[in-house]
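So this block is start_4.pdb, PDB, C-alpha atoms and all ligand atoms:
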```
MODEL        1
ATOM      1  CA  MET A   1     109.215  72.297  75.333  1.00  0.00           C
ATOM      2  CA  LYS A   2     105.896  73.967  75.886  1.00  0.00           C
ATOM      3  CA  ILE A   3     105.427  77.240  77.697  1.00  0.00           C
ATOM      4  CA  ALA A   4     104.719  76.629  81.388  1.00  0.00           C
ATOM      5  CA  PRO A   5     105.479  78.487  84.616  1.00  0.00           C
ATOM      6  CA  ASN A   6     109.230  79.186  84.991  1.00  0.00           C
ATOM      7  CA  ALA A   7     109.892  78.847  81.256  1.00  0.00           C
ATOM      8  CA  VAL A   8     112.015  81.579  79.713  1.00  0.00           C
ATOM      9  CA  VAL A   9     110.126  82.732  76.635  1.00  0.00           C
ATOM     10  CA  THR A  10     111.547  84.756  73.768  1.00  0.00           C
ATOM     11  CA  MET A  11     108.872  86.176  71.498  1.00  0.00           C
ATOM     12  CA  HIS A  12     107.973  88.886  69.075  1.00  0.00           C
ATOM     13  CA  TYR A  13     104.691  90.642  69.579  1.00  0.00           C
ATOM     14  CA  THR A  14     102.633  93.443  68.175  1.00  0.00           C
ATOM     15  CA  VAL A  15      99.804  94.861  70.243  1.00  0.00           C
ATOM     16  CA  SER A  16      96.970  96.934  68.829  1.00  0.00           C
ATOM     17  CA  SER A  17      93.727  98.297  70.142  1.00  0.00           C
ATOM     18  CA  ALA A  18      90.555  96.590  68.957  1.00  0.00           C
ATOM     19  CA  ASP A  19      90.109  99.274  66.270  1.00  0.00           C
ATOM     20  CA  GLY A  20      93.452  98.316  64.719  1.00  0.00           C
ATOM     21  CA  VAL A  21      95.697 101.124  65.954  1.00  0.00           C
ATOM     22  CA  GLN A  22      99.150  99.751  66.785  1.00  0.00           C
ATOM     23  CA  ILE A  23     100.217 100.510  70.352  1.00  0.00           C
ATOM     24  CA  ASP A  24     103.546  98.755  70.589  1.00  0.00           C
ATOM     25  CA  SER A  25     105.653  96.163  68.785  1.00  0.00           C
ATOM     26  CA  SER A  26     108.914  94.330  69.449  1.00  0.00           C
ATOM     27  CA  ARG A  27     109.380  93.650  65.747  1.00  0.00           C
ATOM     28  CA  ASP A  28     111.339  96.872  65.150  1.00  0.00           C
ATOM     29  CA  GLY A  29     113.966  95.740  67.634  1.00  0.00           C
ATOM     30  CA  GLU A  30     114.894  93.019  70.079  1.00  0.00           C
ATOM     31  CA  PRO A  31     112.298  90.357  70.897  1.00  0.00           C
ATOM     32  CA  MET A  32     110.841  90.329  74.377  1.00  0.00           C
ATOM     33  CA  ARG A  33     112.242  87.796  76.877  1.00  0.00           C
ATOM     34  CA  PHE A  34     110.593  87.026  80.182  1.00  0.00           C
ATOM     35  CA  ILE A  35     110.027  84.300  82.739  1.00  0.00           C
ATOM     36  CA  HIS A  36     106.547  82.897  82.259  1.00  0.00           C
ATOM     37  CA  GLY A  37     104.132  82.681  85.174  1.00  0.00           C
ATOM     38  CA  HIS A  38     105.454  85.640  87.179  1.00  0.00           C
ATOM     39  CA  ASN A  39     102.924  88.261  86.101  1.00  0.00           C
ATOM     40  CA  PHE A  40     105.464  89.980  83.901  1.00  0.00           C
ATOM     41  CA  LEU A  41     102.823  90.200  81.166  1.00  0.00           C
ATOM     42  CA  ILE A  42      99.162  91.020  81.483  1.00  0.00           C
ATOM     43  CA  GLN A  43      97.113  88.038  82.640  1.00  0.00           C
ATOM     44  CA  GLY A  44      95.261  87.504  79.340  1.00  0.00           C
ATOM     45  CA  LEU A  45      98.494  87.231  77.373  1.00  0.00           C
ATOM     46  CA  GLU A  46     100.164  84.879  79.894  1.00  0.00           C
ATOM     47  CA  ASP A  47      97.068  82.667  79.726  1.00  0.00           C
ATOM     48  CA  ALA A  48      97.193  82.583  75.912  1.00  0.00           C
ATOM     49  CA  LEU A  49     100.907  81.653  75.915  1.00  0.00           C
ATOM     50  CA  GLU A  50     100.429  78.632  78.191  1.00  0.00           C
ATOM     51  CA  ASP A  51     101.250  75.375  76.296  1.00  0.00           C
ATOM     52  CA  LYS A  52     102.485  77.201  73.184  1.00  0.00           C
ATOM     53  CA  ALA A  53     105.836  76.080  71.697  1.00  0.00           C
ATOM     54  CA  VAL A  54     108.662  77.414  69.515  1.00  0.00           C
ATOM     55  CA  GLY A  55     107.404  78.417  66.087  1.00  0.00           C
ATOM     56  CA  ASP A  56     103.818  78.967  67.197  1.00  0.00           C
ATOM     57  CA  SER A  57     102.207  82.152  65.928  1.00  0.00           C
ATOM     58  CA  PHE A  58      98.845  83.255  67.175  1.00  0.00           C
ATOM     59  CA  GLU A  59      96.550  86.183  67.697  1.00  0.00           C
ATOM     60  CA  VAL A  60      94.590  86.789  70.863  1.00  0.00           C
ATOM     61  CA  GLN A  61      92.141  89.446  71.993  1.00  0.00           C
ATOM     62  CA  VAL A  62      92.394  90.384  75.654  1.00  0.00           C
ATOM     63  CA  ALA A  63      89.505  92.111  77.392  1.00  0.00           C
ATOM     64  CA  PRO A  64      90.279  94.972  79.816  1.00  0.00           C
ATOM     65  CA  GLU A  65      89.659  92.861  82.941  1.00  0.00           C
ATOM     66  CA  LEU A  66      92.575  90.580  81.910  1.00  0.00           C
ATOM     67  CA  ALA A  67      94.681  93.506  80.689  1.00  0.00           C
ATOM     68  CA  TYR A  68      94.901  96.937  82.335  1.00  0.00           C
ATOM     69  CA  GLY A  69      91.471  96.916  83.971  1.00  0.00           C
ATOM     70  CA  GLU A  70      88.311  98.860  83.396  1.00  0.00           C
ATOM     71  CA  ARG A  71      88.255 102.636  83.553  1.00  0.00           C
ATOM     72  CA  HIS A  72      87.135 104.140  86.861  1.00  0.00           C
ATOM     73  CA  GLU A  73      85.669 107.597  86.440  1.00  0.00           C
ATOM     74  CA  GLU A  74      86.325 108.359  90.115  1.00  0.00           C
ATOM     75  CA  LEU A  75      90.046 108.362  89.262  1.00  0.00           C
ATOM     76  CA  VAL A  76      89.430 111.532  87.265  1.00  0.00           C
ATOM     77  CA  GLN A  77      89.886 114.414  89.716  1.00  0.00           C
ATOM     78  CA  VAL A  78      90.250 118.182  89.637  1.00  0.00           C
ATOM     79  CA  VAL A  79      93.160 119.450  91.677  1.00  0.00           C
ATOM     80  CA  PRO A  80      94.199 123.064  92.311  1.00  0.00           C
ATOM     81  CA  LYS A  81      96.765 124.598  90.000  1.00  0.00           C
ATOM     82  CA  SER A  82      98.814 125.483  93.066  1.00  0.00           C
ATOM     83  CA  MET A  83      99.772 121.786  93.277  1.00  0.00           C
ATOM     84  CA  PHE A  84     101.839 122.330  90.154  1.00  0.00           C
ATOM     85  CA  GLU A  85     103.530 125.536  91.167  1.00  0.00           C
ATOM     86  CA  GLY A  86     106.547 126.314  89.041  1.00  0.00           C
ATOM     87  CA  MET A  87     105.609 123.703  86.433  1.00  0.00           C
ATOM     88  CA  ASP A  88     104.297 124.208  82.930  1.00  0.00           C
ATOM     89  CA  VAL A  89     101.203 122.039  83.030  1.00  0.00           C
ATOM     90  CA  ASP A  90     100.046 120.819  79.638  1.00  0.00           C
ATOM     91  CA  VAL A  91      97.343 118.406  78.538  1.00  0.00           C
ATOM     92  CA  GLY A  92      98.875 114.976  77.987  1.00  0.00           C
ATOM     93  CA  MET A  93     101.602 115.485  80.570  1.00  0.00           C
ATOM     94  CA  GLN A  94     102.348 112.611  82.969  1.00  0.00           C
ATOM     95  CA  VAL A  95     102.927 113.679  86.548  1.00  0.00           C
ATOM     96  CA  ARG A  96     103.247 112.109  89.954  1.00  0.00           C
ATOM     97  CA  ALA A  97     100.435 113.346  92.120  1.00  0.00           C
ATOM     98  CA  THR A  98      99.355 112.782  95.683  1.00  0.00           C
ATOM     99  CA  THR A  99      95.743 111.650  95.573  1.00  0.00           C
ATOM    100  CA  ASP A 100      93.317 110.084  98.040  1.00  0.00           C
ATOM    101  CA  ASP A 101      94.908 106.728  97.110  1.00  0.00           C
ATOM    102  CA  GLY A 102      98.432 107.915  97.751  1.00  0.00           C
ATOM    103  CA  GLU A 103     101.144 108.877  95.301  1.00  0.00           C
ATOM    104  CA  GLN A 104     100.412 107.744  91.764  1.00  0.00           C
ATOM    105  CA  SER A 105     101.159 108.444  88.137  1.00  0.00           C
ATOM    106  CA  VAL A 106      98.432 110.497  86.511  1.00  0.00           C
ATOM    107  CA  VAL A 107      97.862 112.143  83.159  1.00  0.00           C
ATOM    108  CA  VAL A 108      96.721 115.750  82.806  1.00  0.00           C
ATOM    109  CA  ILE A 109      93.595 115.664  80.633  1.00  0.00           C
ATOM    110  CA  ASP A 110      92.433 119.269  80.983  1.00  0.00           C
ATOM    111  CA  VAL A 111      93.497 122.607  82.423  1.00  0.00           C
ATOM    112  CA  ASN A 112      90.647 125.022  83.083  1.00  0.00           C
ATOM    113  CA  ASP A 113      89.495 127.750  85.464  1.00  0.00           C
ATOM    114  CA  ASP A 114      88.627 125.197  88.152  1.00  0.00           C
ATOM    115  CA  GLY A 115      92.107 123.746  88.158  1.00  0.00           C
ATOM    116  CA  VAL A 116      93.943 120.838  86.611  1.00  0.00           C
ATOM    117  CA  VAL A 117      91.972 117.735  85.647  1.00  0.00           C
ATOM    118  CA  ILE A 118      94.028 114.601  86.220  1.00  0.00           C
ATOM    119  CA  ASP A 119      93.244 111.015  85.232  1.00  0.00           C
ATOM    120  CA  GLY A 120      94.728 108.235  87.365  1.00  0.00           C
ATOM    121  CA  ASN A 121      93.514 105.459  85.078  1.00  0.00           C
ATOM    122  CA  HIS A 122      96.155 103.475  83.229  1.00  0.00           C
ATOM    123  CA  PRO A 123      96.236 104.857  79.659  1.00  0.00           C
ATOM    124  CA  LEU A 124      95.211 101.398  78.400  1.00  0.00           C
ATOM    125  CA  SER A 125      92.452 100.798  80.941  1.00  0.00           C
ATOM    126  CA  GLY A 126      89.117 100.008  79.317  1.00  0.00           C
ATOM    127  CA  VAL A 127      90.870  99.015  76.094  1.00  0.00           C
ATOM    128  CA  THR A 128      90.510  95.556  74.526  1.00  0.00           C
ATOM    129  CA  LEU A 129      93.969  94.640  73.274  1.00  0.00           C
ATOM    130  CA  SER A 130      94.746  92.522  70.241  1.00  0.00           C
ATOM    131  CA  PHE A 131      98.090  90.696  70.324  1.00  0.00           C
ATOM    132  CA  ASP A 132      99.902  89.121  67.388  1.00  0.00           C
ATOM    133  CA  VAL A 133     102.571  86.836  68.855  1.00  0.00           C
ATOM    134  CA  GLU A 134     105.354  84.638  67.487  1.00  0.00           C
ATOM    135  CA  VAL A 135     107.164  82.331  69.920  1.00  0.00           C
ATOM    136  CA  LEU A 136     110.898  82.292  69.063  1.00  0.00           C
ATOM    137  CA  ASP A 137     112.396  80.324  71.939  1.00  0.00           C
ATOM    138  CA  VAL A 138     111.342  78.438  75.064  1.00  0.00           C
ATOM    139  CA  ARG A 139     113.697  77.033  77.695  1.00  0.00           C
ATOM    140  CA  GLU A 140     113.739  76.342  81.414  1.00  0.00           C
ATOM    141  CA  ALA A 141     114.784  79.240  83.615  1.00  0.00           C
ATOM    142  CA  THR A 142     117.984  78.639  85.585  1.00  0.00           C
ATOM    143  CA  GLU A 143     117.884  78.691  89.386  1.00  0.00           C
ATOM    144  CA  GLU A 144     119.818  81.948  89.298  1.00  0.00           C
ATOM    145  CA  GLU A 145     117.266  83.529  86.967  1.00  0.00           C
ATOM    146  CA  LEU A 146     114.409  82.405  89.196  1.00  0.00           C
ATOM    147  CA  ALA A 147     116.217  83.775  92.258  1.00  0.00           C
ATOM    148  CA  HIS A 148     116.739  87.125  90.528  1.00  0.00           C
ATOM    149  CA  GLY A 149     113.307  87.181  88.937  1.00  0.00           C
ATOM    150  CA  HIS A 150     114.575  88.068  85.476  1.00  0.00           C
ATOM    151  CA  VAL A 151     116.168  86.562  82.385  1.00  0.00           C
ATOM    152  CA  HIS A 152     119.940  86.485  82.008  1.00  0.00           C
ATOM    153  CA  GLY A 153     121.801  86.837  78.720  1.00  0.00           C
ATOM    154  CA  ASP A 154     124.692  84.734  77.448  1.00  0.00           C
ATOM    155  CA  GLN A 155     127.059  86.530  79.822  1.00  0.00           C
ATOM    156  CA  GLY A 156     124.981  85.608  82.861  1.00  0.00           C
ATOM    157  CA  CYS A 157     123.666  88.307  85.122  1.00  0.00           C
ATOM    158  CA  ASP A 158     124.786  91.647  83.746  1.00  0.00           C
ATOM    159  CA  HIS A 159     122.420  93.708  85.858  1.00  0.00           C
ATOM    160  CA  SER A 160     123.232  95.526  89.008  1.00  0.00           C
ATOM    161  CA  HIS A 161     121.180  94.280  91.927  1.00  0.00           C
TER     162      HIS A 161
HETATM  163 ZN    ZN A 201     120.249  88.888  87.536  1.00  0.00          ZN
ENDMDL
END
```
Written as structure tokens, that's how I'd like the structure from this file.
Ligand code: ZN
Amino acid sequence: MKIAPNAVVTMHYTVSSADGVQIDSSRDGEPMRFIHGHNFLIQGLEDALEDKAVGDSFEVQVAPELAYGERHEELVQVVPKSMFEGMDVDVGMQVRATTDDGEQSVVVIDVNDDGVVIDGNHPLSGVTLSFDVEVLDVREATEEELAHGHVHGDQGCDHSH
């Protein structure tokens, strides 16, 4: 069958940035399994998978607007060091911070005399992603899988809900 909404897809993928630096790959371990059409993947990759079948291999470039979005410079903010009292704040650290947009995950990009500079952009925002995909299996999702919103293994649902 071809990949369509509510198909369970098993695939291997490697994702790189446009300049060829590998970001992630399933090929070192278990393939990825997901229910197609439920926004489990970024939009650009779900679109590219539509109508593909078992054995298909393809590459696709996904622009930021169909991946993790464009960067927004206003999400870079300076907050007082006192917000991190008792913590060792280092560049590159991921923290939960309360910002104007509520609680969100941010990355510390600088620590200086003014305070701590945090970036609320997704680390992959503004990045064009290049996917190398191999479709290993396609089947219909069961009603139970659709009700749970995730793929079940051979033993059925082994998750705690
Ligand atoms: Zn389940």
- prompt: Within 6 Å of Ile3 of chain A, counting only C-alpha atoms, which residues qualify if same-chain residues fewer than 5 places away don't, as a list in words?
  reply: Glu50, Asp51 and Lys52 of chain A
Write the residues of the selection above to a file with C-alpha atoms, as a CSV table (one decimal), in the coordinates of the input.
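Output file part_16.csv follows:
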```csv
chain,number,residue,atom,x,y,z
A,50,GLU,CA,100.4,78.6,78.2
A,51,ASP,CA,101.2,75.4,76.3
A,52,LYS,CA,102.5,77.2,73.2
```
- request: List, as a PyMOL selection string, every residue that the PyMOL selection byres (((chain A and resi 12) around 9) and not hetatm) selects in the file provided.
  value: chain A and resi 10-11+13-14+25-27+30-33+132-136
message: At a cut-off of 10 Å and counting only C-alpha atoms and all ligand atoms, what residues surround ligand ZN 201 (chain A)? Please answer as an MDAnalysis selection string.
response: chainID A and resid 144:153 156:161
field: Residues near segment 106-123 of chain A, cut-off 9 Å, all atoms listed in the file, skip fewer than 4 positions along chain, as a PyMOL selection string
entry: chain A and resi 68-84+89-97+99+127
message: Excluding Gln61 of chain A and its own-chain neighbours fewer than 3 positions away, which residues fall within 8 Å of it when counting all atoms listed in the file? Please give them as number ranges by chain.
response: A: 18, 128-131
query: From the list A:Gly37, A:Gly44, A:Pro5, A:Gly102, which residue is nearest Val60 of chain A when using only C-alpha atoms?
result: A:Gly44
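For the pair atom CA of Asp47 of chain A and atom CA of Asn6 of chain A, the separation is 13.7 Å.
The environment of Asp137 of chain A within 8 Å, counting all atoms listed in the file and disregarding residues fewer than 3 places along the same chain, consists of A:Val8, A:Val9, A:Thr10, A:Met11, A:Ala53, A:Val54, A:Gly55.
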field: Nearest to Ala63 of chain A by atom-to-atom distance, counting only C-alpha atoms, from A:Thr98, A:Ile42, A:Glu143, A:Asp154
entry: A:Ile42
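Of note, atom CA of Ser17 of chain A and atom CA of Phe58 of chain A are spaced 16.2 Å apart.
We find atom CA of Lys2 of chain A and atom CA of Arg139 of chain A to be spaced 8.6 Å apart.
Across A:Glu140, A:Asp24, A:Asp19, A:Glu65, the tightest approach to His36 of chain A is made by A:Glu140 when counting all atoms listed in the file.
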For segment 109-121 of chain A, what centre and edge lengths in Å (one decimal) does the axis-aligned box get once 6 Å is added on each side of all its listed atoms, as lines of an AutoDock Vina configuration file?
```
center_x = 91.7
center_y = 116.6
center_z = 84.4
size_x = 18.1
size_y = 34.3
size_z = 19.5
```
Counting all atoms listed in the file, the residue of A:Asp100, A:Ser125, A:Asp56, A:Asn39 that sits nearest Met1 of chain A: A:Asp56
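Minimum atom-to-atom distances from A:Asp88, A:Glu103, A:Glu46, A:Asp28 to Leu66 of chain A were compared using all atoms listed in the file, and the lowest value belongs to A:Glu46.
Closest approach to Ala67 of chain A among A:Val138, A:Phe40, A:Gly86, A:Ala7 is made by A:Phe40 (distances from only C-alpha atoms).
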